[in-house]
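J.: Provided below: start37.pdb, containing PDB, C-alpha atoms.
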```pdb
ATOM      1  CA  MET A  30     -20.714   8.651   2.736
ATOM      2  CA  VAL A  31     -22.305   6.835  -0.175
ATOM      3  CA  LYS A  32     -22.193   3.039  -0.140
ATOM      4  CA  ILE A  33     -23.062   1.659  -3.533
ATOM      5  CA  ASN A  34     -22.989  -1.995  -2.665
ATOM      6  CA  ASN A  35     -22.847  -3.446   0.831
ATOM      7  CA  MET A  36     -20.449  -6.416   0.647
ATOM      8  CA  GLU A  37     -19.649  -6.644   4.347
ATOM      9  CA  ASN A  38     -19.028 -10.085   5.712
ATOM     10  CA  CYS A  39     -16.898 -10.147   8.858
ATOM     11  CA  LYS A  40     -15.734 -13.695   8.246
ATOM     12  CA  GLU A  41     -14.110 -12.567   4.988
ATOM     13  CA  ASN A  42     -12.546  -9.367   6.251
ATOM     14  CA  LEU A  43      -8.785  -9.283   6.684
ATOM     15  CA  ILE A  44      -8.738  -5.593   7.633
ATOM     16  CA  GLU A  45     -11.459  -3.647   9.441
ATOM     17  CA  VAL A  46     -10.977   0.081   9.978
ATOM     18  CA  LYS A  47     -13.532   1.568  12.353
ATOM     19  CA  ASN A  48     -14.010   5.310  12.851
ATOM     20  CA  VAL A  49     -10.275   6.066  12.774
ATOM     21  CA  HIS A  50      -9.015   9.577  13.466
ATOM     22  CA  LYS A  51      -5.455  10.789  12.964
ATOM     23  CA  THR A  52      -4.069  14.270  13.575
ATOM     24  CA  PHE A  53      -0.634  15.805  13.187
ATOM     25  CA  SER A  54       0.758  18.976  14.741
ATOM     26  CA  SER A  55       1.671  21.966  12.621
ATOM     27  CA  ASN A  56       3.624  25.001  13.804
ATOM     28  CA  THR A  57       2.093  28.397  13.040
ATOM     29  CA  GLY A  58       3.500  31.856  13.714
ATOM     30  CA  LEU A  59       6.916  33.231  12.869
ATOM     31  CA  PHE A  60       8.300  34.262  16.270
ATOM     32  CA  GLU A  61       6.127  32.244  18.649
ATOM     33  CA  PRO A  62       5.280  28.957  16.950
ATOM     34  CA  LYS A  63       1.949  27.563  18.009
ATOM     35  CA  LYS A  64       1.057  23.971  17.379
ATOM     36  CA  GLU A  65      -2.172  23.592  15.434
ATOM     37  CA  PRO A  66      -3.730  20.185  14.694
ATOM     38  CA  VAL A  67      -3.885  18.950  11.117
ATOM     39  CA  TYR A  68      -6.752  16.497  10.708
ATOM     40  CA  ALA A  69      -5.427  13.813   8.355
ATOM     41  CA  LEU A  70      -8.141  11.188   8.976
ATOM     42  CA  LYS A  71     -11.631  12.084  10.145
ATOM     43  CA  GLY A  72     -13.624   9.068  11.226
ATOM     44  CA  VAL A  73     -12.514   6.705   8.455
ATOM     45  CA  SER A  74     -14.176   3.275   8.263
ATOM     46  CA  LEU A  75     -13.609   0.571   5.660
ATOM     47  CA  ASN A  76     -13.121  -3.172   5.241
ATOM     48  CA  ILE A  77     -10.623  -5.022   3.084
ATOM     49  CA  LYS A  78     -11.634  -8.526   2.070
ATOM     50  CA  LYS A  79      -9.206 -11.414   2.020
ATOM     51  CA  GLY A  80      -7.769 -11.872  -1.456
ATOM     52  CA  GLU A  81      -9.085  -8.654  -2.955
ATOM     53  CA  ILE A  82      -7.394  -5.588  -4.416
ATOM     54  CA  LEU A  83      -9.004  -2.536  -2.863
ATOM     55  CA  GLY A  84      -8.289   0.729  -4.626
ATOM     56  CA  LEU A  85      -7.870   3.850  -2.482
ATOM     57  CA  VAL A  86      -8.234   6.991  -4.595
ATOM     58  CA  GLY A  87      -8.000  10.702  -3.864
ATOM     59  CA  GLU A  88      -5.956  13.798  -4.529
ATOM     60  CA  SER A  89      -2.649  14.538  -2.801
ATOM     61  CA  GLY A  90      -3.212  15.355   0.869
ATOM     62  CA  SER A  91      -6.479  13.456   1.112
ATOM     63  CA  GLY A  92      -5.076  11.041   3.712
ATOM     64  CA  LYS A  93      -4.471   7.963   1.549
ATOM     65  CA  SER A  94      -0.874   7.270   2.588
ATOM     66  CA  THR A  95      -1.629   8.167   6.202
ATOM     67  CA  LEU A  96      -4.382   5.560   6.256
ATOM     68  CA  GLY A  97      -2.094   2.928   4.745
ATOM     69  CA  ASN A  98       0.601   3.647   7.332
ATOM     70  CA  CYS A  99      -1.932   3.490  10.168
ATOM     71  CA  ILE A 100      -3.196   0.116   8.962
ATOM     72  CA  LEU A 101       0.388  -1.196   8.938
ATOM     73  CA  LYS A 102       0.910   0.246  12.426
ATOM     74  CA  LEU A 103       3.662   2.533  11.184
ATOM     75  CA  LEU A 104       1.655   5.450  12.581
ATOM     76  CA  ASP A 105      -0.399   5.480  15.770
ATOM     77  CA  ILE A 106      -4.015   6.556  15.525
ATOM     78  CA  ASN A 107      -5.720   9.042  17.849
ATOM     79  CA  CYS A 108      -8.908   7.070  18.236
ATOM     80  CA  GLY A 109     -10.925   4.335  16.566
ATOM     81  CA  GLU A 110     -10.013   0.717  15.842
ATOM     82  CA  ILE A 111      -8.020  -1.166  13.240
ATOM     83  CA  LEU A 112      -8.594  -4.915  13.281
ATOM     84  CA  TYR A 113      -6.330  -7.395  11.520
ATOM     85  CA  ASP A 114      -7.963 -10.804  11.196
ATOM     86  CA  GLY A 115     -10.330  -9.740  13.972
ATOM     87  CA  VAL A 116      -7.617  -8.558  16.392
ATOM     88  CA  ASN A 117      -7.150  -4.900  17.337
ATOM     89  CA  VAL A 118      -3.630  -3.900  16.267
ATOM     90  CA  GLU A 119      -3.502  -1.305  19.068
ATOM     91  CA  ASN A 120      -3.456  -4.181  21.562
ATOM     92  CA  PHE A 121      -0.468  -5.918  19.982
ATOM     93  CA  THR A 122       2.471  -6.792  22.212
ATOM     94  CA  LYS A 123       6.032  -6.387  20.911
ATOM     95  CA  LYS A 124       5.976 -10.036  19.908
ATOM     96  CA  ASP A 125       2.655  -9.547  18.124
ATOM     97  CA  VAL A 126       4.041  -6.549  16.225
ATOM     98  CA  LYS A 127       7.026  -8.589  15.065
ATOM     99  CA  GLU A 128       4.726 -11.306  13.729
ATOM    100  CA  PHE A 129       2.524  -8.634  12.155
ATOM    101  CA  ARG A 130       5.531  -7.249  10.284
ATOM    102  CA  LYS A 131       6.062 -10.672   8.697
ATOM    103  CA  LYS A 132       2.463 -10.790   7.508
ATOM    104  CA  THR A 133       2.418  -7.320   5.957
ATOM    105  CA  GLY A 134       4.439  -5.417   3.395
ATOM    106  CA  LEU A 135       4.741  -1.915   1.969
ATOM    107  CA  ILE A 136       5.715  -0.893  -1.553
ATOM    108  CA  PHE A 137       6.773   2.756  -1.631
ATOM    109  CA  GLN A 138       5.974   5.261  -4.316
ATOM    110  CA  ASN A 139       9.464   6.328  -5.337
ATOM    111  CA  PRO A 140      11.936   3.559  -6.230
ATOM    112  CA  TYR A 141      14.732   6.130  -6.422
ATOM    113  CA  SER A 142      14.531   7.108  -2.746
ATOM    114  CA  SER A 143      13.213   3.929  -1.111
ATOM    115  CA  LEU A 144      16.398   1.885  -1.647
ATOM    116  CA  ASN A 145      19.581   2.524   0.338
ATOM    117  CA  PRO A 146      22.155   3.642  -2.272
ATOM    118  CA  LYS A 147      25.047   2.341  -0.139
ATOM    119  CA  MET A 148      23.738  -1.227   0.051
ATOM    120  CA  LYS A 149      23.956  -3.908  -2.597
ATOM    121  CA  ILE A 150      20.700  -5.548  -3.636
ATOM    122  CA  LYS A 151      21.596  -8.724  -1.754
ATOM    123  CA  GLU A 152      21.960  -6.707   1.451
ATOM    124  CA  ILE A 153      18.691  -4.840   0.842
ATOM    125  CA  LEU A 154      16.744  -8.053   0.322
ATOM    126  CA  SER A 155      18.511  -9.935   3.108
ATOM    127  CA  GLU A 156      17.840  -7.265   5.729
ATOM    128  CA  PRO A 157      14.207  -8.232   6.467
ATOM    129  CA  LEU A 158      15.229 -11.894   6.660
ATOM    130  CA  ILE A 159      17.952 -11.202   9.210
ATOM    131  CA  VAL A 160      15.774  -8.828  11.243
ATOM    132  CA  ASN A 161      13.107 -11.524  11.435
ATOM    133  CA  GLY A 162      15.462 -14.180  12.716
ATOM    134  CA  ILE A 163      16.205 -16.212   9.605
ATOM    135  CA  LYS A 164      19.801 -16.973  10.512
ATOM    136  CA  ASP A 165      20.498 -19.956   8.304
ATOM    137  CA  LYS A 166      22.525 -18.709   5.341
ATOM    138  CA  LYS A 167      21.364 -21.448   2.991
ATOM    139  CA  THR A 168      17.712 -20.699   3.751
ATOM    140  CA  ARG A 169      18.276 -17.010   3.091
ATOM    141  CA  GLU A 170      20.040 -17.773  -0.186
ATOM    142  CA  GLU A 171      17.117 -19.938  -1.324
ATOM    143  CA  MET A 172      14.598 -17.238  -0.420
ATOM    144  CA  LEU A 173      16.651 -14.625  -2.273
ATOM    145  CA  GLU A 174      16.868 -16.776  -5.386
ATOM    146  CA  GLU A 175      13.116 -17.418  -5.332
ATOM    147  CA  ILE A 176      12.010 -13.802  -4.963
ATOM    148  CA  VAL A 177      14.555 -12.560  -7.495
ATOM    149  CA  SER A 178      13.228 -15.032 -10.032
ATOM    150  CA  LEU A 179       9.582 -14.194  -9.325
ATOM    151  CA  THR A 180      10.110 -10.447  -9.697
ATOM    152  CA  GLY A 181      11.905 -10.640 -13.038
ATOM    153  CA  LEU A 182      15.428 -10.038 -11.770
ATOM    154  CA  ASN A 183      18.390 -12.413 -11.927
ATOM    155  CA  SER A 184      21.076 -13.671  -9.573
ATOM    156  CA  ASP A 185      23.748 -11.351 -10.966
ATOM    157  CA  ASP A 186      21.661  -8.359  -9.879
ATOM    158  CA  LEU A 187      22.243  -9.232  -6.219
ATOM    159  CA  GLY A 188      25.820  -7.969  -6.384
ATOM    160  CA  ARG A 189      24.911  -4.557  -7.835
ATOM    161  CA  PHE A 190      23.911  -1.221  -6.288
ATOM    162  CA  PRO A 191      20.548   0.554  -6.812
ATOM    163  CA  HIS A 192      22.036   3.297  -9.020
ATOM    164  CA  GLU A 193      22.927   0.639 -11.609
ATOM    165  CA  PHE A 194      19.246  -0.035 -12.312
ATOM    166  CA  SER A 195      16.469   1.739 -14.168
ATOM    167  CA  GLY A 196      13.378   2.987 -12.333
ATOM    168  CA  GLY A 197      11.343  -0.059 -13.327
ATOM    169  CA  GLN A 198      14.065  -2.433 -12.166
ATOM    170  CA  ARG A 199      14.373  -0.560  -8.868
ATOM    171  CA  GLN A 200      10.655  -0.921  -8.280
ATOM    172  CA  ARG A 201      10.970  -4.654  -8.925
ATOM    173  CA  ILE A 202      13.646  -4.706  -6.213
ATOM    174  CA  ALA A 203      11.355  -2.772  -3.867
ATOM    175  CA  ILE A 204       8.554  -5.241  -4.569
ATOM    176  CA  ALA A 205      10.928  -8.148  -3.929
ATOM    177  CA  ARG A 206      11.872  -6.617  -0.570
ATOM    178  CA  ALA A 207       8.201  -6.173   0.385
ATOM    179  CA  LEU A 208       7.336  -9.768  -0.514
ATOM    180  CA  ILE A 209      10.420 -11.736   0.476
ATOM    181  CA  LEU A 210       8.839 -12.823   3.783
ATOM    182  CA  LYS A 211       5.725 -13.954   1.878
ATOM    183  CA  PRO A 212       3.224 -11.635   3.586
ATOM    184  CA  GLU A 213      -0.522 -11.938   3.179
ATOM    185  CA  PHE A 214      -1.329  -8.208   3.039
ATOM    186  CA  VAL A 215       0.508  -5.473   1.118
ATOM    187  CA  VAL A 216      -0.012  -1.723   0.913
ATOM    188  CA  ALA A 217       1.090  -0.519  -2.528
ATOM    189  CA  ASP A 218       1.447   3.249  -2.159
ATOM    190  CA  GLU A 219       1.349   4.728  -5.676
ATOM    191  CA  PRO A 220       3.858   2.100  -6.862
ATOM    192  CA  ILE A 221       3.872   3.178 -10.519
ATOM    193  CA  SER A 222       3.417   6.953 -10.375
ATOM    194  CA  ALA A 223       7.176   7.655 -10.571
ATOM    195  CA  LEU A 224       7.703   5.310 -13.541
ATOM    196  CA  ASP A 225       7.564   5.839 -17.289
ATOM    197  CA  VAL A 226       4.247   4.931 -18.862
ATOM    198  CA  SER A 227       5.968   2.216 -20.892
ATOM    199  CA  ILE A 228       7.076   0.504 -17.673
ATOM    200  CA  GLN A 229       3.893   0.945 -15.641
ATOM    201  CA  ALA A 230       1.999  -1.911 -17.327
ATOM    202  CA  GLN A 231       4.876  -4.316 -16.604
ATOM    203  CA  ILE A 232       4.795  -3.498 -12.888
ATOM    204  CA  ILE A 233       0.999  -3.762 -12.729
ATOM    205  CA  ASN A 234       1.096  -7.192 -14.377
ATOM    206  CA  LEU A 235       3.869  -8.241 -11.989
ATOM    207  CA  LEU A 236       1.717  -7.249  -9.001
ATOM    208  CA  ILE A 237      -1.159  -9.306 -10.396
ATOM    209  CA  ASP A 238       1.078 -12.338 -10.962
ATOM    210  CA  LEU A 239       2.491 -12.110  -7.441
ATOM    211  CA  LYS A 240      -0.989 -11.754  -5.976
ATOM    212  CA  GLU A 241      -1.952 -15.071  -7.543
ATOM    213  CA  LYS A 242       1.341 -16.702  -6.540
ATOM    214  CA  PHE A 243       1.167 -15.699  -2.866
ATOM    215  CA  ASN A 244      -2.621 -15.308  -2.483
ATOM    216  CA  LEU A 245      -2.104 -11.675  -1.505
ATOM    217  CA  THR A 246      -4.514  -8.995  -0.397
ATOM    218  CA  TYR A 247      -3.655  -5.500  -1.650
ATOM    219  CA  LEU A 248      -4.534  -1.980  -0.614
ATOM    220  CA  PHE A 249      -3.645  -0.179  -3.835
ATOM    221  CA  ILE A 250      -3.237   3.570  -3.313
ATOM    222  CA  SER A 251      -3.373   5.610  -6.491
ATOM    223  CA  HIS A 252      -4.594   8.762  -8.198
ATOM    224  CA  ASP A 253      -4.635   7.041 -11.611
ATOM    225  CA  LEU A 254      -8.236   5.998 -12.156
ATOM    226  CA  ASN A 255      -7.476   4.080 -15.345
ATOM    227  CA  VAL A 256      -5.105   1.795 -13.424
ATOM    228  CA  VAL A 257      -7.604   1.413 -10.584
ATOM    229  CA  LYS A 258     -10.347   0.489 -13.041
ATOM    230  CA  TYR A 259      -8.138  -2.219 -14.543
ATOM    231  CA  LEU A 260      -6.676  -3.611 -11.328
ATOM    232  CA  CYS A 261      -9.074  -3.218  -8.411
ATOM    233  CA  THR A 262     -12.201  -5.125  -7.454
ATOM    234  CA  ARG A 263     -13.551  -2.347  -5.221
ATOM    235  CA  VAL A 264     -12.777   1.352  -4.891
ATOM    236  CA  VAL A 265     -12.789   3.760  -1.951
ATOM    237  CA  ILE A 266     -12.775   7.506  -2.666
ATOM    238  CA  MET A 267     -11.151   9.819  -0.110
ATOM    239  CA  TYR A 268     -11.477  13.587   0.135
ATOM    240  CA  ARG A 269      -9.879  15.722   2.849
ATOM    241  CA  GLY A 270      -9.448  12.861   5.295
ATOM    242  CA  GLU A 271     -12.872  11.331   4.809
ATOM    243  CA  ILE A 272     -14.313   8.526   2.718
ATOM    244  CA  VAL A 273     -17.002  10.001   0.490
ATOM    245  CA  GLU A 274     -17.888   6.959  -1.604
ATOM    246  CA  GLU A 275     -17.078   3.279  -1.942
ATOM    247  CA  GLY A 276     -18.285   0.329  -3.959
ATOM    248  CA  GLU A 277     -17.509  -2.177  -6.670
ATOM    249  CA  THR A 278     -15.223  -0.738  -9.318
ATOM    250  CA  THR A 279     -17.596  -1.277 -12.227
ATOM    251  CA  GLU A 280     -20.462   0.396 -10.385
ATOM    252  CA  ILE A 281     -18.371   3.374  -9.241
ATOM    253  CA  PHE A 282     -17.258   4.076 -12.795
ATOM    254  CA  LYS A 283     -20.705   3.458 -14.246
ATOM    255  CA  ASN A 284     -22.807   5.272 -11.667
ATOM    256  CA  PRO A 285     -20.828   7.584  -9.327
ATOM    257  CA  LYS A 286     -22.938   9.154  -6.592
ATOM    258  CA  HIS A 287     -20.746  11.741  -4.900
ATOM    259  CA  SER A 288     -19.879  15.025  -6.625
ATOM    260  CA  TYR A 289     -16.156  14.571  -5.893
ATOM    261  CA  THR A 290     -16.179  11.106  -7.485
ATOM    262  CA  LYS A 291     -17.871  12.572 -10.559
ATOM    263  CA  LEU A 292     -15.219  15.293 -10.695
ATOM    264  CA  LEU A 293     -12.423  12.693 -10.556
ATOM    265  CA  LEU A 294     -14.004  10.637 -13.312
ATOM    266  CA  ASP A 295     -14.544  13.713 -15.473
ATOM    267  CA  SER A 296     -10.820  14.482 -15.160
ATOM    268  CA  ILE A 297      -9.786  11.224 -16.860
ATOM    269  CA  PRO A 298      -8.275  12.048 -20.261
ATOM    270  CA  LYS A 299     -10.539  10.967 -23.085
ATOM    271  CA  VAL A 300      -9.374   9.632 -26.430
ATOM    272  CA  TYR A 301     -11.358  10.881 -29.413
TER     273      TYR A 301
END
```
Render the structure in this file as structure tokens.
T.:
Amino acid sequence: MVKINNMENCKENLIEVKNVHKTFSSNTGLFEPKKEPVYALKGVSLNIKKGEILGLVGESGSGKSTLGNCILKLLDINCGEILYDGVNVENFTKKDVKEFRKKTGLIFQNPYSSLNPKMKIKEILSEPLIVNGIKDKKTREEMLEEIVSLTGLNSDDLGRFPHEFSGGQRQRIAIARALILKPEFVVADEPISALDVSIQAQIINLLIDLKEKFNLTYLFISHDLNVVKYLCTRVVIMYRGEIVEEGETTEIFKNPKHSYTKLLLDSIPKVY
């Protein structure tokens, strides 16, 4: 792995991923299925600084989403360590996990499939509040009004269903759901890839505004290098379950070291 610029400072790290491995089982054979391991993460190590936007880049199947889900403890790892604010998430009790869920959020890639079509927006946004023990109706109403306003929606939208919204509006709802508990760390898993180009800039600017409002730390997963260049302070490049290069965004784009990074940069459409 190539490290362009060593910025490690444990006191500033919110997330520390240390030599993490993750495998899945895959059935092979037509008549007598045999389980074969699929190596999704192969000794991955990285740090995410408090308050930064770290870009995680790689082709489909490189392990980006798997890593994000492992960090959020939505998937168990096979070996290694993931530390959140210096504490190993594998050692969390049930109570610790519940508190961890309040501090973290996930924005899914596809706003068309990530929202329950049978629930009104008020129910979708209220669900994490109820699950996390916010029983006072007035408090919930105030939190709903605040997040709706901050994400560019309005109060009337709360009584509508997801199918009544455009893709960009649905992603605003998904962002509102991820942030309604005011987390400190958010995994944004390709949050604009399913949107029209005309809408993508609006969502990116919204994420930036919300980062400043809530003092957020983002892991921004993407295959769009132009967006990563604009948004992220540092970049990590993944290839087949491994990190092959990482560094400050400007340096990665100016002076890539790994052949795969160079290939990704060469694939960016050029305007003549």
J.: Write out as an MDAnalysis selection string which residues come within 6 Å of Val73 in chain A when counting all atoms listed in the file, dropping same-chain ones fewer than 3 positions away.
T.: chainID A and resid 48:49 271
J.: Write out, as a PDB file, in the frame of the given file, the residues just selected, with C-alpha atoms.
T.:
```
ATOM      1  CA  ASN A  48     -14.010   5.310  12.851  1.00  0.00           C
ATOM      2  CA  VAL A  49     -10.275   6.066  12.774  1.00  0.00           C
ATOM      3  CA  GLU A 271     -12.872  11.331   4.809  1.00  0.00           C
TER       4      GLU A 271
END
```
J.: Quick one, how far is CA of Leu236 in chain A from CA of Pro140 in chain A?
T.: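 Going from CA of Leu236 in chain A over to CA of Pro140 in chain A covers 15.1 Å.
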J.: Measuring atom to atom with only C-alpha atoms, identify which of A:Ile297, A:Ile159, A:Val67, A:Val226 is nearest to Gly92 in chain A.
T.: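 Comparing A:Ile297, A:Ile159, A:Val67, A:Val226 against Gly92 in chain A, the winner is A:Val67.
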J.: Calculated over all atoms listed in the file, which of the candidates A:Arg206, A:Lys211, A:Lys240, A:His192 has the smallest distance to Leu135 in chain A?
T.: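 Comparing A:Arg206, A:Lys211, A:Lys240, A:His192 against Leu135 in chain A, the winner is A:Arg206.
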J.: Would you mind telling me which residue in A:Gly87, A:Pro298, A:Pro66, A:Gly80 lies nearest to Gly270 in chain A when using all atoms listed in the file?
T.: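 So, comparing all the options, the nearest one is A:Gly87.
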J.: Please work out which residues fall within 10 Å of (16.2, 1.3, -8.3), coordinates as given in the file, with all atoms listed in the file counting, and return them as a ChimeraX atom specification.
T.: /A:139-146,150,190-203
J.: Would you compute the distance between CA of Leu112 in chain A and CA of Ile44 in chain A? Give it in Å to one decimal.
T.: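 Between CA of Leu112 in chain A and CA of Ile44 in chain A the gap works out to 5.7 Å.
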J.: Would you write out, as a ChimeraX atom specification, every residue that the PyMOL selection byres ((chain A and resi 45) around 12) captures in this file?
T.: /A:37-44,46-49,73-79,99-100,109-118
J.: For the PyMOL selection byres ((chain A and resi 287-294) around 8), applied here, can you spell out every residue it catches as a count of residues only?
T.: 12
J.: For a test of reading the model, state the distance in Å between CA of Tyr247 in chain A and CA of Ile136 in chain A, rounded to one decimal.
T.: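 Taking CA of Tyr247 in chain A as the start and CA of Ile136 in chain A as the end point, the length is 10.4 Å.
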J.: Since I can't run it myself right now, could you work out what the PyMOL selection byres ((chain A and resi 127) around 12) selects here and report it as a short mmCIF file (atom, residue, chain, number, x, y, z; two decimals) with C-alpha atoms, in the frame of the given file?
T.:
```cif
data_model
loop_
_atom_site.label_atom_id
_atom_site.label_comp_id
_atom_site.auth_asym_id
_atom_site.auth_seq_id
_atom_site.Cartn_x
_atom_site.Cartn_y
_atom_site.Cartn_z
CA LEU A 101 0.39 -1.20 8.94
CA LYS A 102 0.91 0.25 12.43
CA VAL A 118 -3.63 -3.90 16.27
CA PHE A 121 -0.47 -5.92 19.98
CA THR A 122 2.47 -6.79 22.21
CA LYS A 123 6.03 -6.39 20.91
CA LYS A 124 5.98 -10.04 19.91
CA ASP A 125 2.66 -9.55 18.12
CA VAL A 126 4.04 -6.55 16.23
CA GLU A 128 4.73 -11.31 13.73
CA PHE A 129 2.52 -8.63 12.16
CA ARG A 130 5.53 -7.25 10.28
CA LYS A 131 6.06 -10.67 8.70
CA LYS A 132 2.46 -10.79 7.51
CA THR A 133 2.42 -7.32 5.96
CA PRO A 157 14.21 -8.23 6.47
CA VAL A 160 15.77 -8.83 11.24
CA ASN A 161 13.11 -11.52 11.44
CA GLY A 162 15.46 -14.18 12.72
#
```
J.: List the neighbours of Leu154 in chain A out to 10 Å using only C-alpha atoms; skip same-chain residues closer than 3 positions along the sequence, and give me the result as an MDAnalysis selection string.
T.: chainID A and resid 148:151 157:159 169 172:173 176:177 187 202:210
J.: Quick one: residues within 12 Å of Leu235 in chain A, all atoms listed in the file counted, chain neighbours fewer than 2 positions away excluded, as a list in words?
T.: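 These residues fall inside the cut-off: Ser178, Leu179, Thr180, Gly181, Leu182, Gly197, Gln198, Gln200, Arg201, Ile202, Ile204, Ala205, Pro220, Ile221, Ile228, Gln229, Ala230, Gln231, Ile232, Ile233, Ile237, Asp238, Leu239, Lys240, Glu241, Lys242 and Leu260 of chain A.
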J.: Select, from A:Thr52, A:Asn120, A:Thr246, A:Ser222, the residue with the minimum atom-to-atom distance to Cys108 in chain A, counting all atoms listed in the file.
T.: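 Closest to Cys108 in chain A of all the choices is A:Thr52.
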J.: Box in all listed atoms of range 72-81 of chain A, axis-aligned, with 3 Å more on each side; write out centre and edge lengths in Å to one decimal as JSON.
T.:
```
{"center_x": -11.0, "center_y": -1.4, "center_z": 4.1, "size_x": 12.4, "size_y": 26.9, "size_z": 20.2}
```
J.: Neighbouring residues of Ile250 in chain A were defined as those with any atom within 8 Å, considering all atoms listed in the file; residues of the same chain fewer than 6 positions away were excluded. Please report them as a list in words.
T.: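 Close residues of Ile250 in chain A: Gly84, Leu85, Val86, Lys93, Ser94, Val216, Ala217, Asp218 and Glu219 of chain A.
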